[in-house]
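Trainee: Below you'll find target22.tsv; it's TSV, C-alpha atoms.
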chain	number	residue	atom	x	y	z
A	250	GLN	CA	23.09	-22.13	-22.13
A	251	VAL	CA	21.12	-23.81	-24.89
A	252	GLN	CA	20.92	-27.59	-24.76
A	253	LEU	CA	19.95	-29.86	-27.64
A	254	VAL	CA	19.03	-33.53	-27.30
A	255	GLU	CA	18.61	-35.71	-30.39
A	256	SER	CA	16.67	-38.94	-30.62
A	257	GLY	CA	15.22	-41.24	-33.25
A	258	GLY	CA	18.31	-42.77	-34.78
A	259	GLY	CA	18.62	-46.48	-35.42
A	260	SER	CA	19.30	-49.18	-37.95
A	261	VAL	CA	17.17	-49.64	-41.05
A	262	GLN	CA	17.41	-51.35	-44.38
A	263	SER	CA	17.90	-49.48	-47.60
A	264	GLY	CA	14.65	-47.82	-48.64
A	265	GLY	CA	13.45	-47.48	-45.08
A	266	SER	CA	12.54	-44.38	-43.10
A	267	LEU	CA	13.47	-42.75	-39.83
A	268	ARG	CA	12.44	-39.54	-38.11
A	269	LEU	CA	14.99	-37.73	-36.01
A	270	SER	CA	13.94	-35.33	-33.27
A	271	CYS	CA	15.89	-32.60	-31.51
A	272	ALA	CA	14.56	-31.10	-28.32
A	273	VAL	CA	15.89	-27.58	-27.73
A	274	SER	CA	15.95	-26.22	-24.18
A	275	ALA	CA	14.86	-22.76	-25.34
A	276	TYR	CA	14.69	-20.64	-28.43
A	277	THR	CA	16.31	-17.68	-26.79
A	278	TYR	CA	16.40	-15.34	-29.77
A	279	SER	CA	13.77	-13.89	-32.05
A	280	SER	CA	15.66	-14.94	-35.17
A	281	TYR	CA	17.57	-18.15	-35.52
A	282	CYS	CA	18.52	-20.94	-37.82
A	283	MET	CA	18.57	-24.64	-37.07
A	284	GLY	CA	19.87	-27.56	-38.97
A	285	TRP	CA	20.93	-31.15	-39.19
A	286	PHE	CA	24.48	-32.19	-39.94
A	287	ARG	CA	26.02	-35.62	-40.30
A	288	GLN	CA	29.45	-37.14	-40.08
A	289	ALA	CA	30.41	-40.53	-41.44
A	290	PRO	CA	33.57	-42.33	-40.27
A	291	GLY	CA	36.63	-40.83	-41.89
A	292	LYS	CA	34.69	-37.96	-43.41
A	293	GLU	CA	34.12	-34.33	-42.52
A	294	ARG	CA	30.89	-33.15	-40.96
A	295	GLU	CA	28.47	-31.96	-43.64
A	296	GLY	CA	25.26	-30.01	-43.62
A	297	VAL	CA	22.14	-31.98	-44.46
A	298	ALA	CA	19.22	-29.59	-44.01
A	299	ALA	CA	18.52	-26.21	-42.45
A	300	ILE	CA	15.49	-24.21	-41.42
A	301	ALA	CA	15.06	-20.63	-40.34
A	302	ARG	CA	12.55	-19.28	-37.84
A	303	ASN	CA	10.40	-18.05	-40.75
A	304	GLY	CA	10.19	-21.60	-42.05
A	305	SER	CA	12.47	-21.28	-45.06
A	306	THR	CA	14.42	-24.48	-45.69
A	307	SER	CA	17.44	-25.68	-47.61
A	308	TYR	CA	18.84	-29.14	-48.31
A	309	ALA	CA	22.02	-30.78	-49.46
A	310	ASP	CA	21.68	-32.06	-53.01
A	311	SER	CA	22.25	-35.61	-51.81
A	312	VAL	CA	19.06	-35.61	-49.71
A	313	LYS	CA	16.71	-33.41	-51.71
A	314	GLY	CA	13.40	-35.12	-52.29
A	315	ARG	CA	14.09	-37.71	-49.58
A	316	PHE	CA	14.57	-35.72	-46.36
A	317	THR	CA	12.28	-33.09	-44.85
A	318	ILE	CA	13.23	-30.71	-42.07
A	319	SER	CA	10.51	-29.20	-39.91
A	320	GLN	CA	10.03	-27.58	-36.54
A	321	ASP	CA	7.36	-27.39	-33.88
A	322	ASN	CA	7.87	-24.09	-32.13
A	323	ALA	CA	5.29	-24.93	-29.47
A	324	LYS	CA	7.35	-27.96	-28.49
A	325	ASN	CA	10.77	-26.40	-29.12
A	326	THR	CA	11.54	-29.40	-31.29
A	327	LEU	CA	13.26	-29.84	-34.62
A	328	TYR	CA	12.62	-32.85	-36.84
A	329	LEU	CA	14.24	-34.57	-39.78
A	330	GLN	CA	12.05	-37.00	-41.68
A	331	MET	CA	14.27	-39.30	-43.71
A	332	ASN	CA	12.69	-41.46	-46.40
A	333	ASN	CA	14.17	-43.82	-48.98
A	334	LEU	CA	17.32	-44.13	-46.92
A	335	LYS	CA	20.49	-45.32	-48.62
A	336	PRO	CA	23.64	-46.94	-47.21
A	337	GLU	CA	25.52	-43.72	-47.92
A	338	ASP	CA	23.24	-41.95	-45.43
A	339	THR	CA	24.91	-43.92	-42.64
A	340	ALA	CA	26.43	-41.41	-40.23
A	341	MET	CA	26.16	-39.76	-36.86
A	342	TYR	CA	23.52	-37.07	-37.18
A	343	TYR	CA	23.78	-33.86	-35.19
A	344	CYS	CA	21.26	-31.17	-34.47
A	345	ALA	CA	22.58	-27.60	-34.49
A	346	TYR	CA	21.14	-24.31	-33.25
A	347	ASP	CA	22.49	-21.04	-34.63
A	348	PRO	CA	21.00	-18.13	-32.64
A	349	PHE	CA	21.90	-15.43	-35.17
A	350	CYS	CA	22.16	-17.44	-38.41
A	351	SER	CA	25.86	-16.63	-38.35
A	352	TYR	CA	27.24	-20.19	-38.67
A	353	GLU	CA	28.10	-20.35	-34.99
A	354	TYR	CA	26.34	-23.35	-33.54
A	355	TYR	CA	25.27	-25.04	-30.39
A	356	TRP	CA	25.45	-28.81	-30.96
A	357	GLY	CA	23.60	-31.85	-29.72
A	358	GLN	CA	25.36	-35.07	-28.78
A	359	GLY	CA	24.40	-36.85	-31.97
A	360	THR	CA	22.30	-39.86	-32.89
A	361	GLN	CA	23.52	-42.74	-35.03
A	362	VAL	CA	21.79	-43.71	-38.26
A	363	THR	CA	22.84	-46.94	-39.94
A	364	VAL	CA	21.41	-48.05	-43.27
A	365	SER	CA	22.15	-51.55	-44.52
A	366	SER	CA	21.87	-52.68	-48.12
Kindly transcribe the structure held in the file into structure tokens.
Mentor:
Amino acid sequence: QVQLVESGGGSVQSGGSLRLSCAVSAYTYSSYCMGWFRQAPGKEREGVAAIARNGSTSYADSVKGRFTISQDNAKNTLYLQMNNLKPEDTAMYYCAYDPFCSYEYYWGQGTQVTVSS
């Protein structure tokens, strides 16, 4: 069973930065995808950024140029560097591991990000 534990959330002012981390118990497959999702109150969960084992990345239009997803395979850790944060980035952020890049995920417990204007 894969376990994911997020950390790094918090409260910042608009324009500030945060770095989220996600520790993964094990990368159990040779090919996988990982990503960050977020869910704001009253809204559906949405994808923010994704990365494949080969390092290819993709981003939601709303965060392009501000957020950077990366991974440290030696540490089994996924990161999300968030710069120039905006109040609309306020949400619970979730790490997700997709062993076969088939949109079937293991989820972390989430970490709250709050951006004040």
Trainee: I want to know what sits within 7 Å of Ser280 (chain A), based on only C-alpha atoms, with residues of the same chain fewer than 3 positions away left out; could you give that as a PyMOL selection string?
Mentor: chain A and resi 302+348-349
Trainee: I'd like to know which of A:Gln250, A:Cys271, A:Ser263, A:Asp338 is closest to Lys324 (chain A), using all atoms listed in the file.
Mentor: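 When distances to Lys324 (chain A) are compared using all atoms listed in the file, the smallest one comes from A:Cys271.
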Trainee: Mind giving me the straight-line distance from CA of Met331 (chain A) to CA of Lys292 (chain A) in Å, one decimal?
Mentor: 20.5 Å
Trainee: When you count only C-alpha atoms, which of these residues is closest to Arg315 (chain A): A:Thr363, A:Val273, A:Gly265, A:Ser256?
Mentor: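 Of A:Thr363, A:Val273, A:Gly265, A:Ser256, the one nearest Arg315 (chain A) is A:Gly265, counting only C-alpha atoms.
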Trainee: Tell me which residues come within 10 Å of (12.6, -29.1, -32.8), as JSON, numbers by chain, counting all atoms listed in the file in the file's coordinates.
Mentor: {"A": [253, 254, 255, 269, 270, 271, 272, 273, 274, 276, 283, 284, 318, 319, 320, 321, 322, 323, 324, 325, 326, 327, 328, 329, 344, 346]}
Trainee: Taking C-alpha atoms for each residue, export the selection above as a short mmCIF file (atom, residue, chain, number, x, y, z; two decimals), keeping the file's coordinate frame.
Mentor:
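Output (selection_6.cif):
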data_model
loop_
_atom_site.label_atom_id
_atom_site.label_comp_id
_atom_site.auth_asym_id
_atom_site.auth_seq_id
_atom_site.Cartn_x
_atom_site.Cartn_y
_atom_site.Cartn_z
CA LEU A 253 19.95 -29.86 -27.64
CA VAL A 254 19.03 -33.53 -27.30
CA GLU A 255 18.61 -35.71 -30.39
CA LEU A 269 14.99 -37.73 -36.01
CA SER A 270 13.94 -35.33 -33.27
CA CYS A 271 15.89 -32.60 -31.51
CA ALA A 272 14.56 -31.10 -28.32
CA VAL A 273 15.89 -27.58 -27.73
CA SER A 274 15.95 -26.22 -24.18
CA TYR A 276 14.69 -20.64 -28.43
CA MET A 283 18.57 -24.64 -37.07
CA GLY A 284 19.87 -27.56 -38.97
CA ILE A 318 13.23 -30.71 -42.07
CA SER A 319 10.51 -29.20 -39.91
CA GLN A 320 10.03 -27.58 -36.54
CA ASP A 321 7.36 -27.39 -33.88
CA ASN A 322 7.87 -24.09 -32.13
CA ALA A 323 5.29 -24.93 -29.47
CA LYS A 324 7.35 -27.96 -28.49
CA ASN A 325 10.77 -26.40 -29.12
CA THR A 326 11.54 -29.40 -31.29
CA LEU A 327 13.26 -29.84 -34.62
CA TYR A 328 12.62 -32.85 -36.84
CA LEU A 329 14.24 -34.57 -39.78
CA CYS A 344 21.26 -31.17 -34.47
CA TYR A 346 21.14 -24.31 -33.25
#
Trainee: Distance CA of Asn333 (chain A)-CA of Asn303 (chain A), one decimal place?
Mentor: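 Pair CA of Asn333 (chain A) / CA of Asn303 (chain A) returns 27.3 Å.
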Trainee: Which distance in Å separates CA of Val261 (chain A) and CA of Val362 (chain A), to one decimal?
Mentor: 8.0 Å
Trainee: Please determine, counting all atoms listed in the file, which residue among A:Gly357, A:Ser366, A:Arg294, A:Ala289 has the shortest atom-to-atom distance to Ala345 (chain A).
Mentor: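 Among the listed residues, the smallest separation from Ala345 (chain A) belongs to A:Gly357.
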Trainee: Could you tell me which of A:Lys335, A:Met341, A:Glu353, A:Gly257 comes closest to Gln288 (chain A) if we count all atoms listed in the file?
Mentor: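 The closest residue to Gln288 (chain A) is A:Met341.
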Trainee: Can you work out which one of A:Gln330, A:Gln252, A:Ser260, A:Gln361 has the shortest atom-to-atom distance to Lys313 (chain A), counting all atoms listed in the file?
Mentor: A:Gln330
Trainee: Here is a test: counting only C-alpha atoms, which residue of A:Leu334, A:Tyr281, A:Gly258, A:Tyr308 is nearest to Tyr352 (chain A)?
Mentor: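 Among A:Leu334, A:Tyr281, A:Gly258, A:Tyr308, it is A:Tyr281 that comes nearest to Tyr352 (chain A).
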Trainee: Could you put an axis-aligned box around every listed atom of region 270-289 of chain A, padded by 6 Å on each side, and send me its centre and edge lengths in Å to one decimal, as JSON?
Mentor:
{"center_x": 22.1, "center_y": -27.2, "center_z": -32.8, "size_x": 28.6, "size_y": 38.6, "size_z": 29.3}
Trainee: Can you fill out region 289-301 of chain A with N, CA and C atoms and hand it back as a PDB file, in the coordinates of the input?
Mentor:
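Listing of selection_9.pdb after writing:
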ATOM      1  N   ALA A 289      30.121 -39.112 -41.257  1.00  0.00           N
ATOM      2  CA  ALA A 289      30.410 -40.530 -41.440  1.00  0.00           C
ATOM      3  C   ALA A 289      31.863 -40.789 -41.033  1.00  0.00           C
ATOM      4  N   PRO A 290      32.188 -42.013 -40.669  1.00  0.00           N
ATOM      5  CA  PRO A 290      33.570 -42.330 -40.270  1.00  0.00           C
ATOM      6  C   PRO A 290      34.560 -41.945 -41.361  1.00  0.00           C
ATOM      7  N   GLY A 291      35.592 -41.222 -40.962  1.00  0.00           N
ATOM      8  CA  GLY A 291      36.630 -40.830 -41.890  1.00  0.00           C
ATOM      9  C   GLY A 291      36.284 -39.664 -42.789  1.00  0.00           C
ATOM     10  N   LYS A 292      35.109 -39.076 -42.564  1.00  0.00           N
ATOM     11  CA  LYS A 292      34.690 -37.960 -43.410  1.00  0.00           C
ATOM     12  C   LYS A 292      34.433 -36.726 -42.562  1.00  0.00           C
ATOM     13  N   GLU A 293      34.407 -35.569 -43.211  1.00  0.00           N
ATOM     14  CA  GLU A 293      34.120 -34.330 -42.520  1.00  0.00           C
ATOM     15  C   GLU A 293      32.614 -34.203 -42.269  1.00  0.00           C
ATOM     16  N   ARG A 294      32.290 -33.422 -41.243  1.00  0.00           N
ATOM     17  CA  ARG A 294      30.890 -33.150 -40.960  1.00  0.00           C
ATOM     18  C   ARG A 294      30.308 -32.323 -42.113  1.00  0.00           C
ATOM     19  N   GLU A 295      29.097 -32.675 -42.535  1.00  0.00           N
ATOM     20  CA  GLU A 295      28.470 -31.960 -43.640  1.00  0.00           C
ATOM     21  C   GLU A 295      27.051 -31.559 -43.275  1.00  0.00           C
ATOM     22  N   GLY A 296      26.623 -30.457 -43.832  1.00  0.00           N
ATOM     23  CA  GLY A 296      25.260 -30.010 -43.620  1.00  0.00           C
ATOM     24  C   GLY A 296      24.290 -30.833 -44.423  1.00  0.00           C
ATOM     25  N   VAL A 297      23.162 -31.170 -43.814  1.00  0.00           N
ATOM     26  CA  VAL A 297      22.140 -31.980 -44.460  1.00  0.00           C
ATOM     27  C   VAL A 297      20.916 -31.129 -44.798  1.00  0.00           C
ATOM     28  N   ALA A 298      20.429 -30.396 -43.817  1.00  0.00           N
ATOM     29  CA  ALA A 298      19.220 -29.590 -44.010  1.00  0.00           C
ATOM     30  C   ALA A 298      19.226 -28.466 -42.990  1.00  0.00           C
ATOM     31  N   ALA A 299      18.583 -27.364 -43.349  1.00  0.00           N
ATOM     32  CA  ALA A 299      18.520 -26.210 -42.450  1.00  0.00           C
ATOM     33  C   ALA A 299      17.143 -25.576 -42.544  1.00  0.00           C
ATOM     34  N   ILE A 300      16.766 -24.909 -41.459  1.00  0.00           N
ATOM     35  CA  ILE A 300      15.490 -24.210 -41.420  1.00  0.00           C
ATOM     36  C   ILE A 300      15.648 -22.945 -40.600  1.00  0.00           C
ATOM     37  N   ALA A 301      15.034 -21.891 -41.074  1.00  0.00           N
ATOM     38  CA  ALA A 301      15.060 -20.630 -40.340  1.00  0.00           C
ATOM     39  C   ALA A 301      13.747 -20.469 -39.556  1.00  0.00           C
TER      40      ALA A 301
END
